>>> print(open('target_17.cif').read())   # mmCIF, C-alpha atoms
data_protein
loop_
_atom_site.label_atom_id
_atom_site.label_comp_id
_atom_site.auth_asym_id
_atom_site.auth_seq_id
_atom_site.Cartn_x
_atom_site.Cartn_y
_atom_site.Cartn_z
CA MET A 1 67.00 -36.26 -5.96
CA LYS A 2 65.32 -38.67 -8.30
CA HIS A 3 62.15 -40.64 -7.74
CA LYS A 4 60.08 -42.96 -9.85
CA ILE A 5 56.34 -42.39 -10.13
CA ARG A 6 53.49 -44.14 -11.92
CA ILE A 7 50.77 -42.45 -13.98
CA GLY A 8 48.29 -44.67 -15.82
CA ASP A 9 50.37 -47.64 -16.88
CA HIS A 10 53.44 -45.47 -17.44
CA THR A 11 56.50 -45.13 -15.28
CA SER A 12 58.40 -41.89 -15.03
CA GLU A 13 61.68 -40.85 -13.51
CA ILE A 14 61.47 -37.42 -11.89
CA ARG A 15 64.64 -35.48 -11.15
CA CYS A 16 64.29 -32.45 -8.93
CA GLN A 17 66.62 -30.44 -6.70
CA SER A 18 63.81 -28.62 -4.88
CA GLU A 19 62.74 -30.39 -1.70
CA SER A 20 59.38 -28.64 -1.59
CA LEU A 21 58.48 -29.53 -5.18
CA MET A 22 59.63 -33.13 -4.67
CA ARG A 23 57.48 -33.35 -1.53
CA TRP A 24 54.51 -32.10 -3.54
CA ILE A 25 55.17 -34.70 -6.25
CA ASP A 26 55.49 -37.47 -3.65
CA SER A 27 52.19 -36.46 -2.05
CA HIS A 28 50.23 -36.32 -5.32
CA PHE A 29 51.67 -39.16 -7.40
CA GLN A 30 51.95 -42.85 -6.83
CA ASN A 31 55.53 -43.74 -5.98
CA GLU A 32 57.05 -46.92 -7.30
CA ASP A 33 57.96 -49.01 -4.25
CA THR A 34 61.58 -49.44 -5.08
CA TYR A 35 63.77 -47.45 -7.38
CA ASP A 36 65.74 -49.62 -9.74
CA ALA A 37 67.98 -47.61 -12.04
CA THR A 38 68.12 -50.45 -14.54
CA ASN A 39 64.38 -50.40 -15.14
CA ILE A 40 63.22 -48.78 -18.32
CA VAL A 41 61.04 -45.74 -17.76
CA ASP A 42 58.55 -44.30 -20.25
CA PHE A 43 59.72 -40.72 -19.78
CA ILE A 44 62.17 -38.67 -17.73
CA LEU A 45 61.26 -35.29 -16.29
CA ASP A 46 63.76 -32.72 -14.97
CA VAL A 47 61.78 -30.41 -12.70
CA LYS A 48 63.25 -27.02 -11.82
CA GLU A 49 61.91 -24.11 -9.80
CA GLY A 50 62.44 -20.37 -10.19
CA TYR A 51 60.71 -19.83 -13.53
CA GLY A 52 58.41 -16.94 -14.46
CA THR A 53 55.72 -15.31 -12.35
CA SER A 54 52.66 -16.51 -10.45
CA PHE A 55 49.58 -17.73 -12.38
CA VAL A 56 48.16 -15.14 -14.79
CA ASP A 57 45.97 -17.10 -17.22
CA TYR A 58 45.74 -20.44 -19.06
CA HIS A 59 47.30 -19.21 -22.31
CA VAL A 60 50.10 -21.51 -23.47
CA GLU A 61 52.42 -20.46 -26.29
CA ILE A 62 53.71 -23.46 -28.22
CA ASN A 63 56.83 -23.41 -30.39
CA THR A 64 58.66 -26.17 -32.18
CA ASP A 65 62.09 -26.67 -33.69
CA LEU A 66 63.84 -29.68 -35.14
CA ASN A 67 64.50 -31.34 -31.79
CA HIS A 68 62.09 -29.84 -29.25
CA ILE A 69 58.61 -28.57 -28.54
CA THR A 70 58.17 -25.85 -25.93
CA TYR A 71 54.99 -25.08 -23.99
CA ASP A 72 55.36 -21.64 -22.48
CA ARG A 73 52.99 -20.16 -19.91
CA LYS A 74 53.71 -17.21 -17.63
CA ASP A 75 54.30 -19.59 -14.71
CA TYR A 76 55.85 -22.61 -16.44
CA LEU A 77 58.02 -23.64 -19.36
CA ILE A 78 58.13 -27.21 -20.68
CA THR A 79 60.87 -28.15 -23.13
CA VAL A 80 60.15 -31.62 -24.45
CA SER A 81 62.04 -33.83 -26.89
CA ARG A 82 60.25 -34.70 -30.13
CA ASP A 83 59.69 -38.29 -28.98
CA TYR A 84 58.21 -37.07 -25.67
CA ARG A 85 60.61 -39.26 -23.68
CA LYS A 86 62.47 -36.40 -21.99
CA ALA A 87 61.30 -33.03 -20.75
CA ILE A 88 62.59 -30.16 -18.67
CA ILE A 89 59.79 -28.60 -16.63
CA GLU A 90 60.57 -25.18 -15.12
CA VAL A 91 57.91 -23.78 -12.81
CA TYR A 92 57.09 -20.84 -10.57
CA ASP A 93 55.25 -22.81 -7.87
CA GLU A 94 53.26 -25.99 -7.10
CA LEU A 95 50.16 -24.88 -9.01
CA ALA A 96 52.32 -24.29 -12.07
CA LEU A 97 53.89 -27.72 -11.59
CA LYS A 98 50.49 -29.40 -11.41
CA HIS A 99 49.32 -27.69 -14.61
CA ALA A 100 52.62 -28.31 -16.38
CA LEU A 101 52.50 -32.03 -15.55
CA THR A 102 48.92 -32.18 -16.84
CA ASN A 103 50.02 -30.42 -20.00
CA PHE A 104 53.02 -32.73 -20.53
CA TYR A 105 51.22 -35.98 -19.76
CA SER A 106 48.26 -35.10 -21.97
CA ALA A 107 50.63 -34.46 -24.88
CA PHE A 108 52.57 -37.66 -24.07
CA ILE A 109 49.54 -39.97 -24.16
CA VAL A 110 48.20 -38.38 -27.35
CA HIS A 111 51.60 -38.68 -29.03
CA ASN A 112 51.69 -42.38 -28.14
CA ASN A 113 48.05 -43.00 -29.15
CA TRP A 114 47.54 -44.30 -25.63
CA GLY A 115 44.47 -42.29 -24.65
CA LEU A 116 43.06 -38.98 -23.51
CA LEU A 117 42.73 -36.75 -20.46
CA ILE A 118 39.12 -35.57 -20.36
CA HIS A 119 37.83 -32.64 -18.32
CA SER A 120 35.54 -34.69 -16.07
CA SER A 121 35.15 -36.63 -12.86
CA CYS A 122 34.90 -40.41 -12.73
CA ILE A 123 33.29 -42.74 -10.19
CA ASP A 124 33.55 -46.51 -9.70
CA HIS A 125 30.10 -48.02 -9.14
CA ASP A 126 30.16 -51.81 -8.78
CA LYS A 127 33.53 -52.06 -10.58
CA ARG A 128 32.26 -50.03 -13.55
CA ALA A 129 33.53 -46.55 -14.32
CA TYR A 130 31.11 -43.69 -14.96
CA VAL A 131 32.55 -40.46 -16.37
CA PHE A 132 30.78 -37.15 -15.62
CA ALA A 133 31.93 -34.50 -18.07
CA GLY A 134 31.45 -30.77 -17.99
CA GLN A 135 33.28 -27.49 -17.99
CA SER A 136 34.17 -25.65 -14.78
CA GLY A 137 31.07 -25.13 -12.63
CA ALA A 138 29.07 -27.91 -14.31
CA GLY A 139 29.08 -30.03 -11.16
CA LYS A 140 31.98 -32.48 -11.48
CA SER A 141 33.15 -32.02 -7.91
CA THR A 142 29.55 -31.96 -6.66
CA ILE A 143 28.90 -35.31 -8.35
CA SER A 144 32.02 -36.75 -6.72
CA ARG A 145 30.88 -35.61 -3.27
CA LEU A 146 27.31 -36.83 -3.82
CA SER A 147 28.59 -40.25 -4.90
CA TYR A 148 30.34 -41.00 -1.59
CA PRO A 149 31.28 -43.74 -0.56
CA ARG A 150 31.82 -44.93 -4.12
CA PRO A 151 35.54 -44.83 -5.02
CA ILE A 152 36.68 -41.86 -7.09
CA LEU A 153 39.02 -42.24 -10.06
CA SER A 154 39.14 -38.52 -10.82
CA ASP A 155 37.48 -35.25 -9.87
CA GLU A 156 38.85 -32.98 -12.57
CA ALA A 157 40.80 -34.77 -15.32
CA THR A 158 39.90 -38.37 -16.16
CA LEU A 159 42.63 -40.58 -17.54
CA ILE A 160 41.14 -42.80 -20.27
CA LYS A 161 43.10 -45.51 -22.06
CA ILE A 162 41.69 -46.18 -25.52
CA SER A 163 42.67 -49.39 -27.24
CA ASN A 164 41.16 -52.05 -29.47
CA GLY A 165 41.04 -54.27 -26.41
CA GLY A 166 38.63 -51.92 -24.63
CA ILE A 167 38.37 -48.57 -22.93
CA ARG A 168 39.55 -48.27 -19.36
CA VAL A 169 39.86 -45.48 -16.83
CA PHE A 170 42.97 -45.20 -14.66
CA ASP A 171 43.35 -43.46 -11.31
CA SER A 172 44.09 -39.84 -12.11
CA PRO A 173 46.72 -37.99 -10.07
CA PHE A 174 45.51 -34.73 -11.63
CA ARG A 175 43.02 -33.91 -8.87
CA SER A 176 41.19 -30.78 -7.85
CA GLU A 177 39.85 -31.35 -4.32
CA ILE A 178 39.50 -35.07 -3.62
CA THR A 179 42.99 -36.50 -3.41
CA ILE A 180 42.22 -39.98 -2.04
CA PRO A 181 43.72 -42.32 -4.67
CA TYR A 182 41.73 -45.08 -6.34
CA THR A 183 43.20 -48.25 -4.92
CA ASN A 184 42.05 -50.59 -7.72
CA GLN A 185 44.17 -48.56 -10.20
CA THR A 186 41.92 -49.14 -13.22
CA CYS A 187 38.31 -49.82 -14.14
CA GLU A 188 36.37 -50.52 -17.35
CA LEU A 189 34.47 -47.50 -18.70
CA THR A 190 30.69 -48.02 -18.93
CA LYS A 191 29.06 -44.65 -19.68
CA ILE A 192 29.88 -41.01 -20.17
CA LEU A 193 27.37 -38.50 -18.78
CA LEU A 194 27.33 -34.85 -19.79
CA LEU A 195 26.35 -32.77 -16.78
CA ASN A 196 23.37 -30.41 -16.72
CA GLN A 197 22.13 -29.05 -13.39
CA SER A 198 18.36 -29.18 -13.34
CA LYS A 199 15.23 -29.29 -11.17
CA GLU A 200 14.46 -32.80 -12.40
CA ILE A 201 16.48 -35.96 -12.79
CA LYS A 202 16.58 -37.54 -16.25
CA VAL A 203 18.96 -38.98 -18.82
CA SER A 204 18.83 -38.87 -22.60
CA LEU A 205 21.10 -40.56 -25.12
CA VAL A 206 23.24 -38.16 -27.15
CA ASN A 207 23.72 -39.01 -30.82
CA LYS A 208 27.28 -39.88 -31.75
CA SER A 209 28.07 -36.80 -33.84
CA ASN A 210 27.00 -34.45 -31.03
CA ALA A 211 28.80 -36.68 -28.54
CA LEU A 212 31.99 -36.35 -30.57
CA ILE A 213 31.71 -32.55 -30.53
CA HIS A 214 31.16 -32.56 -26.74
CA ILE A 215 34.08 -34.90 -26.08
CA LEU A 216 36.50 -33.04 -28.36
CA ASP A 217 35.61 -29.88 -26.46
CA LYS A 218 36.56 -31.49 -23.15
CA VAL A 219 39.90 -33.04 -24.01
CA PHE A 220 42.94 -31.52 -22.30
CA PHE A 221 44.90 -30.80 -25.46
CA TRP A 222 47.13 -27.96 -26.58
CA HIS A 223 46.84 -27.89 -30.35
CA HIS A 224 50.08 -27.29 -32.24
CA ASP A 225 50.54 -30.08 -34.77
CA ASN A 226 47.97 -31.41 -37.22
CA LEU A 227 49.23 -34.98 -36.87
CA GLU A 228 48.73 -34.87 -33.10
CA THR A 229 45.29 -33.30 -33.55
CA ALA A 230 44.34 -36.09 -35.94
CA LYS A 231 45.33 -38.60 -33.23
CA VAL A 232 43.01 -36.86 -30.75
CA LEU A 233 40.22 -37.01 -33.31
CA ARG A 234 40.70 -40.72 -34.00
CA MET A 235 40.73 -41.57 -30.29
CA CYS A 236 37.61 -39.47 -29.64
CA LEU A 237 35.88 -41.26 -32.52
CA GLN A 238 36.85 -44.63 -31.07
CA LEU A 239 35.53 -43.49 -27.70
CA VAL A 240 32.10 -42.36 -28.96
CA ASN A 241 31.77 -45.47 -31.13
CA GLN A 242 32.35 -47.79 -28.17
CA ILE A 243 30.87 -45.95 -25.18
CA PRO A 244 27.31 -44.59 -24.93
CA ILE A 245 27.11 -40.91 -24.03
CA TYR A 246 24.12 -39.37 -22.24
CA ASN A 247 22.95 -36.00 -21.10
CA LEU A 248 22.40 -36.22 -17.35
CA TYR A 249 20.03 -33.72 -15.77
CA PHE A 250 20.53 -33.88 -12.02
CA GLN A 251 19.57 -32.24 -8.76
CA GLU A 252 21.99 -31.81 -5.87
CA ASN A 253 21.39 -35.26 -4.38
CA ASN A 254 22.48 -38.81 -5.18
CA LYS A 255 19.20 -40.04 -6.71
CA PHE A 256 20.70 -39.90 -10.23
CA TRP A 257 22.54 -43.15 -9.43
CA GLU A 258 19.22 -45.05 -9.47
CA LEU A 259 18.68 -43.82 -13.01
CA ILE A 260 22.10 -44.40 -14.52
CA SER A 261 23.39 -47.58 -12.94
CA MET B 1 33.17 -22.47 -67.32
CA SER B 2 31.51 -22.14 -63.91
CA ALA B 3 33.47 -21.51 -60.71
CA SER B 4 35.00 -24.36 -58.81
CA TYR B 5 35.76 -24.55 -55.11
CA LYS B 6 38.74 -26.08 -53.32
CA ILE B 7 38.72 -27.55 -49.87
CA VAL B 8 41.47 -26.40 -47.48
CA ASP B 9 44.28 -28.77 -46.51
CA ASP B 10 44.24 -30.74 -43.24
CA VAL B 11 40.52 -31.43 -43.29
CA GLU B 12 38.94 -34.78 -42.54
CA MET B 13 35.31 -35.68 -43.12
CA VAL B 14 34.03 -38.40 -40.83
CA GLU B 15 30.71 -40.23 -40.81
CA VAL B 16 29.20 -41.09 -37.45
CA ASP B 17 25.81 -42.82 -37.44
CA ASN B 18 24.77 -41.34 -40.82
CA GLU B 19 25.81 -37.83 -39.83
CA TYR B 20 28.85 -36.06 -41.16
CA LEU B 21 31.47 -33.89 -39.50
CA ILE B 22 34.17 -31.87 -41.21
CA ILE B 23 37.14 -31.64 -38.90
CA ASP B 24 39.81 -29.07 -39.58
CA THR B 25 42.88 -30.46 -37.83
CA ALA B 26 44.89 -27.27 -38.50
CA ARG B 27 42.46 -25.02 -36.63
CA PHE B 28 40.81 -27.68 -34.42
CA THR B 29 37.26 -26.85 -35.56
CA ILE B 30 34.29 -29.09 -36.32
CA THR B 31 31.47 -28.38 -38.73
CA LYS B 32 28.45 -30.65 -38.77
CA ILE B 33 26.77 -31.17 -42.16
CA ASN B 34 23.95 -33.33 -43.52
CA THR B 35 24.06 -36.04 -46.19
CA VAL B 36 23.52 -33.62 -49.09
CA GLY B 37 26.33 -31.46 -47.69
CA SER B 38 28.61 -34.49 -47.60
CA ASP B 39 27.80 -35.17 -51.28
CA ILE B 40 28.69 -31.58 -52.16
CA ILE B 41 31.96 -31.84 -50.23
CA GLY B 42 32.67 -35.08 -52.10
CA GLU B 43 32.25 -33.17 -55.37
CA VAL B 44 34.53 -30.37 -54.14
CA ILE B 45 37.21 -32.91 -53.26
CA LYS B 46 36.94 -34.25 -56.83
CA ASN B 47 37.58 -30.68 -58.13
CA ARG B 48 34.23 -30.60 -59.94
CA SER B 49 32.94 -27.29 -61.31
CA LEU B 50 29.85 -25.71 -59.79
CA ASP B 51 27.73 -26.67 -62.83
CA ASP B 52 28.89 -30.30 -62.62
CA MET B 53 28.13 -30.36 -58.89
CA VAL B 54 24.67 -29.01 -59.48
CA GLN B 55 24.00 -31.67 -62.10
CA THR B 56 25.14 -34.46 -59.79
CA ILE B 57 23.09 -33.20 -56.83
CA GLN B 58 20.05 -32.60 -59.05
CA ARG B 59 20.26 -36.15 -60.45
CA LYS B 60 20.42 -37.59 -56.94
CA TYR B 61 17.88 -35.41 -55.12
CA GLY B 62 15.70 -33.86 -57.86
CA ASN B 63 14.35 -30.25 -57.83
CA THR B 64 14.93 -27.56 -60.49
CA THR B 65 18.39 -26.62 -61.71
CA GLU B 66 17.93 -23.06 -60.46
CA GLN B 67 16.91 -24.17 -56.97
CA VAL B 68 19.73 -26.73 -56.69
CA LYS B 69 22.26 -24.17 -57.91
CA GLU B 70 21.01 -21.66 -55.34
CA ASP B 71 21.19 -24.24 -52.53
CA VAL B 72 24.63 -25.55 -53.49
CA THR B 73 26.02 -22.02 -53.87
CA SER B 74 24.53 -20.96 -50.55
CA PHE B 75 26.01 -24.03 -48.82
CA LEU B 76 29.47 -23.41 -50.31
CA GLU B 77 29.33 -19.74 -49.37
CA GLU B 78 28.65 -20.76 -45.77
CA LEU B 79 31.62 -23.12 -45.84
CA GLU B 80 33.73 -20.34 -47.36
CA LYS B 81 32.75 -18.03 -44.51
CA VAL B 82 34.01 -20.55 -41.94
CA GLY B 83 37.21 -21.06 -43.92
CA LEU B 84 36.71 -24.63 -45.12
CA VAL B 85 36.56 -23.98 -48.87
CA TRP B 86 37.84 -21.29 -51.20
CA LYS B 87 37.36 -20.30 -54.85
#
>>> encode(input="target_17.cif", output="structure tokens")
Amino acid sequence: MKHKIRIGDHTSEIRCQSESLMRWIDSHFQNEDTYDATNIVDFILDVKEGYGTSFVDYHVEINTDLNHITYDRKDYLITVSRDYRKAIIEVYDELALKHALTNFYSAFIVHNNWGLLIHSSCIDHDKRAYVFAGQSGAGKSTISRLSYPRPILSDEATLIKISNGGIRVFDSPFRSEITIPYTNQTCELTKILLLNQSKEIKVSLVNKSNALIHILDKVFFWHHDNLETAKVLRMCLQLVNQIPIYNLYFQENNKFWELIS
Amino acid sequence: MSASYKIVDDVEMVEVDNEYLIIDTARFTITKINTVGSDIIGEVIKNRSLDDMVQTIQRKYGNTTEQVKEDVTSFLEELEKVGLVWK
């Protein structure tokens, strides 16, 4: 079986013999309406099941040779060509597939200087994107729930395109709980808010050097090559130079929207 | 001749709103330093000896030679501890 899916503004061909894994891909990623074999795709993924054991931890071993880079976790193995246009993804189960696709796509967009996947949720408020960043437990999913009925671009990993023409957020298929896709596809980024649960509601501007440290800490990135790391750094710098970043202290209600919007 | 320090490879120093960050792309670490620290790093990059660095910093910021030498040495020792410079 082969299907074409869209992530960000990239098109991918997915080849997979497993019906269950292909069903999972179809239910989590935006399918291209018609498959045209003559169309150029940005990358091709061969997905295979039967690899490794169930999830143990997040440790990824990365090795490189002349032609390939491998990302090896207990429950998945990604073997990717040096130009990131072809990859074989072997997985134990659907969770491993989700994490492996996040791993691959993050590396792909960094390699191409396209943008970053940031550990955060993102909400569309009046056609402007607000990113809420924080580590696990900081309140990203809570913020998404509290922001209903505003459309959600991401609840776990925000897909940010960084270019000289502006900074935009795309609908992220890398979801945690809220899987309703963002129908407008993309939205201009307005603010980034660093989450702090608190008894009061307030915002304070973060200076750019601290903002850079916070953002670098929240990028989905598996460091293995100094050139790729330098790309992450340059894109993070561009991001903090163009987008204001605030600390948001919030209670578990939606009153913070009055303060930030 | 006084000791000189070398900065490790794969390090970038970036200025953001008059603050300075040393980013080690090999180990993916960030060290935040102030303006005087950035001047000292600039001297290290130019392979200047410790005595020359002290002179330059003293000319720019004043204070006694002994105090400047103590401060510069202390700063470089901190950077050495985090693996950014070596003797």
>>> residues_around(input="target_17.cif", residues="segment 155-162 of chain A", least_positions_apart="4", cutoff="7 Å", atoms="all atoms listed in the file", output="mmCIF file with C-alpha atoms, keeping the file's coordinate frame")
data_model
loop_
_atom_site.group_PDB
_atom_site.id
_atom_site.type_symbol
_atom_site.label_atom_id
_atom_site.label_comp_id
_atom_site.auth_asym_id
_atom_site.auth_seq_id
_atom_site.Cartn_x
_atom_site.Cartn_y
_atom_site.Cartn_z
ATOM 1 C CA TRP A 114 47.540 -44.300 -25.630
ATOM 2 C CA GLY A 115 44.470 -42.290 -24.650
ATOM 3 C CA LEU A 116 43.060 -38.980 -23.510
ATOM 4 C CA LEU A 117 42.730 -36.750 -20.460
ATOM 5 C CA ILE A 118 39.120 -35.570 -20.360
ATOM 6 C CA HIS A 119 37.830 -32.640 -18.320
ATOM 7 C CA SER A 120 35.540 -34.690 -16.070
ATOM 8 C CA SER A 121 35.150 -36.630 -12.860
ATOM 9 C CA CYS A 122 34.900 -40.410 -12.730
ATOM 10 C CA LYS A 140 31.980 -32.480 -11.480
ATOM 11 C CA SER A 141 33.150 -32.020 -7.910
ATOM 12 C CA SER A 144 32.020 -36.750 -6.720
ATOM 13 C CA GLY A 166 38.630 -51.920 -24.630
ATOM 14 C CA ILE A 167 38.370 -48.570 -22.930
ATOM 15 C CA ARG A 168 39.550 -48.270 -19.360
ATOM 16 C CA VAL A 169 39.860 -45.480 -16.830
ATOM 17 C CA PHE A 170 42.970 -45.200 -14.660
ATOM 18 C CA ASP A 171 43.350 -43.460 -11.310
ATOM 19 C CA SER A 172 44.090 -39.840 -12.110
ATOM 20 C CA PHE A 174 45.510 -34.730 -11.630
ATOM 21 C CA ARG A 175 43.020 -33.910 -8.870
ATOM 22 C CA SER A 176 41.190 -30.780 -7.850
ATOM 23 C CA ILE A 178 39.500 -35.070 -3.620
ATOM 24 C CA MET A 235 40.730 -41.570 -30.290
#
>>> closest_residue(input="target_17.cif", among="A:Asn164, A:Asn247, A:Gln185, A:Thr79", to="Asp9 of chain A", atoms="all atoms listed in the file")
A:Gln185
>>> interface_residues(input="target_17.cif", of="chain A", to="chain B", cutoff="6 Å", atoms="only C-alpha atoms", output="MDAnalysis selection string")
chainID A and resid 209 226 229
>>> residues_around(input="target_17.cif", residues="Leu101 of chain A", least_positions_apart="2", cutoff="10 Å", atoms="only C-alpha atoms", output="list in words")
Leu45, Val47, Ile78, Ile89, Leu95, Ala96, Leu97, Lys98, His99, Asn103, Phe104, Tyr105, Ser106, Ala107, Pro173 and Phe174 of chain A
>>> write_last_selection(input="target_17.cif", atoms="C-alpha atoms", output="short mmCIF file (atom, residue, chain, number, x, y, z; two decimals), in the frame of the given file")
data_model
loop_
_atom_site.label_atom_id
_atom_site.label_comp_id
_atom_site.auth_asym_id
_atom_site.auth_seq_id
_atom_site.Cartn_x
_atom_site.Cartn_y
_atom_site.Cartn_z
CA LEU A 45 61.26 -35.29 -16.29
CA VAL A 47 61.78 -30.41 -12.70
CA ILE A 78 58.13 -27.21 -20.68
CA ILE A 89 59.79 -28.60 -16.63
CA LEU A 95 50.16 -24.88 -9.01
CA ALA A 96 52.32 -24.29 -12.07
CA LEU A 97 53.89 -27.72 -11.59
CA LYS A 98 50.49 -29.40 -11.41
CA HIS A 99 49.32 -27.69 -14.61
CA ASN A 103 50.02 -30.42 -20.00
CA PHE A 104 53.02 -32.73 -20.53
CA TYR A 105 51.22 -35.98 -19.76
CA SER A 106 48.26 -35.10 -21.97
CA ALA A 107 50.63 -34.46 -24.88
CA PRO A 173 46.72 -37.99 -10.07
CA PHE A 174 45.51 -34.73 -11.63
#
>>> closest_residue(input="target_17.cif", among="A:Glu177, A:Ala87, A:His59, A:Asp72", to="Asp42 of chain A", atoms="all atoms listed in the file")
A:Ala87
>>> resolve_selection(input="target_17.cif", expression="the PyMOL selection byres ((chain A and resi 238) around 10)", output="list in words")
Ile162, Ser163, Asn164, Gly166, Ile167, Leu212, Val232, Leu233, Arg234, Met235, Cys236, Leu237, Leu239, Val240, Asn241, Gln242 and Ile243 of chain A
>>> residues_around(input="target_17.cif", residues="Ile14 of chain A", least_positions_apart="3", cutoff="8 Å", atoms="all atoms listed in the file", output="PyMOL selection string")
chain A and resi 2-5+44-47
>>> build_atoms(input="target_17.cif", residues="segment 57-73 of chain B", atoms="N, CA, C and O atoms", output="PDB file, keeping the file's coordinate frame")
ATOM      1  N   ILE B  57      24.022 -33.301 -57.958  1.00  0.00           N
ATOM      2  CA  ILE B  57      23.090 -33.200 -56.830  1.00  0.00           C
ATOM      3  C   ILE B  57      21.647 -33.253 -57.337  1.00  0.00           C
ATOM      4  O   ILE B  57      20.774 -33.907 -56.737  1.00  0.00           O
ATOM      5  N   GLN B  58      21.408 -32.614 -58.479  1.00  0.00           N
ATOM      6  CA  GLN B  58      20.050 -32.600 -59.050  1.00  0.00           C
ATOM      7  C   GLN B  58      19.633 -34.022 -59.433  1.00  0.00           C
ATOM      8  O   GLN B  58      18.500 -34.436 -59.183  1.00  0.00           O
ATOM      9  N   ARG B  59      20.573 -34.765 -60.051  1.00  0.00           N
ATOM     10  CA  ARG B  59      20.260 -36.150 -60.450  1.00  0.00           C
ATOM     11  C   ARG B  59      19.899 -36.985 -59.224  1.00  0.00           C
ATOM     12  O   ARG B  59      18.994 -37.802 -59.254  1.00  0.00           O
ATOM     13  N   LYS B  60      20.624 -36.753 -58.130  1.00  0.00           N
ATOM     14  CA  LYS B  60      20.420 -37.590 -56.940  1.00  0.00           C
ATOM     15  C   LYS B  60      19.180 -37.181 -56.135  1.00  0.00           C
ATOM     16  O   LYS B  60      18.463 -38.028 -55.606  1.00  0.00           O
ATOM     17  N   TYR B  61      18.941 -35.861 -56.031  1.00  0.00           N
ATOM     18  CA  TYR B  61      17.880 -35.410 -55.120  1.00  0.00           C
ATOM     19  C   TYR B  61      16.711 -34.721 -55.808  1.00  0.00           C
ATOM     20  O   TYR B  61      15.728 -34.361 -55.164  1.00  0.00           O
ATOM     21  N   GLY B  62      16.796 -34.493 -57.151  1.00  0.00           N
ATOM     22  CA  GLY B  62      15.700 -33.860 -57.860  1.00  0.00           C
ATOM     23  C   GLY B  62      15.700 -32.351 -57.692  1.00  0.00           C
ATOM     24  O   GLY B  62      16.734 -31.762 -57.366  1.00  0.00           O
ATOM     25  N   ASN B  63      14.538 -31.708 -57.910  1.00  0.00           N
ATOM     26  CA  ASN B  63      14.350 -30.250 -57.830  1.00  0.00           C
ATOM     27  C   ASN B  63      14.866 -29.566 -59.121  1.00  0.00           C
ATOM     28  O   ASN B  63      15.504 -30.181 -59.961  1.00  0.00           O
ATOM     29  N   THR B  64      14.551 -28.274 -59.274  1.00  0.00           N
ATOM     30  CA  THR B  64      14.930 -27.560 -60.490  1.00  0.00           C
ATOM     31  C   THR B  64      16.411 -27.178 -60.447  1.00  0.00           C
ATOM     32  O   THR B  64      17.011 -27.063 -59.365  1.00  0.00           O
ATOM     33  N   THR B  65      16.975 -26.997 -61.636  1.00  0.00           N
ATOM     34  CA  THR B  65      18.390 -26.620 -61.710  1.00  0.00           C
ATOM     35  C   THR B  65      18.642 -25.329 -60.945  1.00  0.00           C
ATOM     36  O   THR B  65      19.627 -25.207 -60.206  1.00  0.00           O
ATOM     37  N   GLU B  66      17.751 -24.356 -61.112  1.00  0.00           N
ATOM     38  CA  GLU B  66      17.930 -23.060 -60.460  1.00  0.00           C
ATOM     39  C   GLU B  66      17.953 -23.210 -58.932  1.00  0.00           C
ATOM     40  O   GLU B  66      18.789 -22.640 -58.238  1.00  0.00           O
ATOM     41  N   GLN B  67      16.998 -24.000 -58.427  1.00  0.00           N
ATOM     42  CA  GLN B  67      16.910 -24.170 -56.970  1.00  0.00           C
ATOM     43  C   GLN B  67      18.145 -24.899 -56.432  1.00  0.00           C
ATOM     44  O   GLN B  67      18.715 -24.515 -55.406  1.00  0.00           O
ATOM     45  N   VAL B  68      18.555 -25.959 -57.148  1.00  0.00           N
ATOM     46  CA  VAL B  68      19.730 -26.730 -56.690  1.00  0.00           C
ATOM     47  C   VAL B  68      20.967 -25.837 -56.718  1.00  0.00           C
ATOM     48  O   VAL B  68      21.769 -25.837 -55.772  1.00  0.00           O
ATOM     49  N   LYS B  69      21.087 -25.050 -57.803  1.00  0.00           N
ATOM     50  CA  LYS B  69      22.260 -24.170 -57.910  1.00  0.00           C
ATOM     51  C   LYS B  69      22.276 -23.167 -56.752  1.00  0.00           C
ATOM     52  O   LYS B  69      23.340 -22.905 -56.151  1.00  0.00           O
ATOM     53  N   GLU B  70      21.101 -22.622 -56.442  1.00  0.00           N
ATOM     54  CA  GLU B  70      21.010 -21.660 -55.340  1.00  0.00           C
ATOM     55  C   GLU B  70      21.408 -22.322 -54.014  1.00  0.00           C
ATOM     56  O   GLU B  70      22.167 -21.763 -53.221  1.00  0.00           O
ATOM     57  N   ASP B  71      20.891 -23.534 -53.798  1.00  0.00           N
ATOM     58  CA  ASP B  71      21.190 -24.240 -52.530  1.00  0.00           C
ATOM     59  C   ASP B  71      22.669 -24.606 -52.424  1.00  0.00           C
ATOM     60  O   ASP B  71      23.285 -24.441 -51.366  1.00  0.00           O
ATOM     61  N   VAL B  72      23.228 -25.135 -53.525  1.00  0.00           N
ATOM     62  CA  VAL B  72      24.630 -25.550 -53.490  1.00  0.00           C
ATOM     63  C   VAL B  72      25.530 -24.328 -53.284  1.00  0.00           C
ATOM     64  O   VAL B  72      26.461 -24.356 -52.465  1.00  0.00           O
ATOM     65  N   THR B  73      25.219 -23.248 -53.996  1.00  0.00           N
ATOM     66  CA  THR B  73      26.020 -22.020 -53.870  1.00  0.00           C
ATOM     67  C   THR B  73      25.939 -21.478 -52.444  1.00  0.00           C
ATOM     68  O   THR B  73      26.954 -21.102 -51.843  1.00  0.00           O
TER      69      THR B  73
END
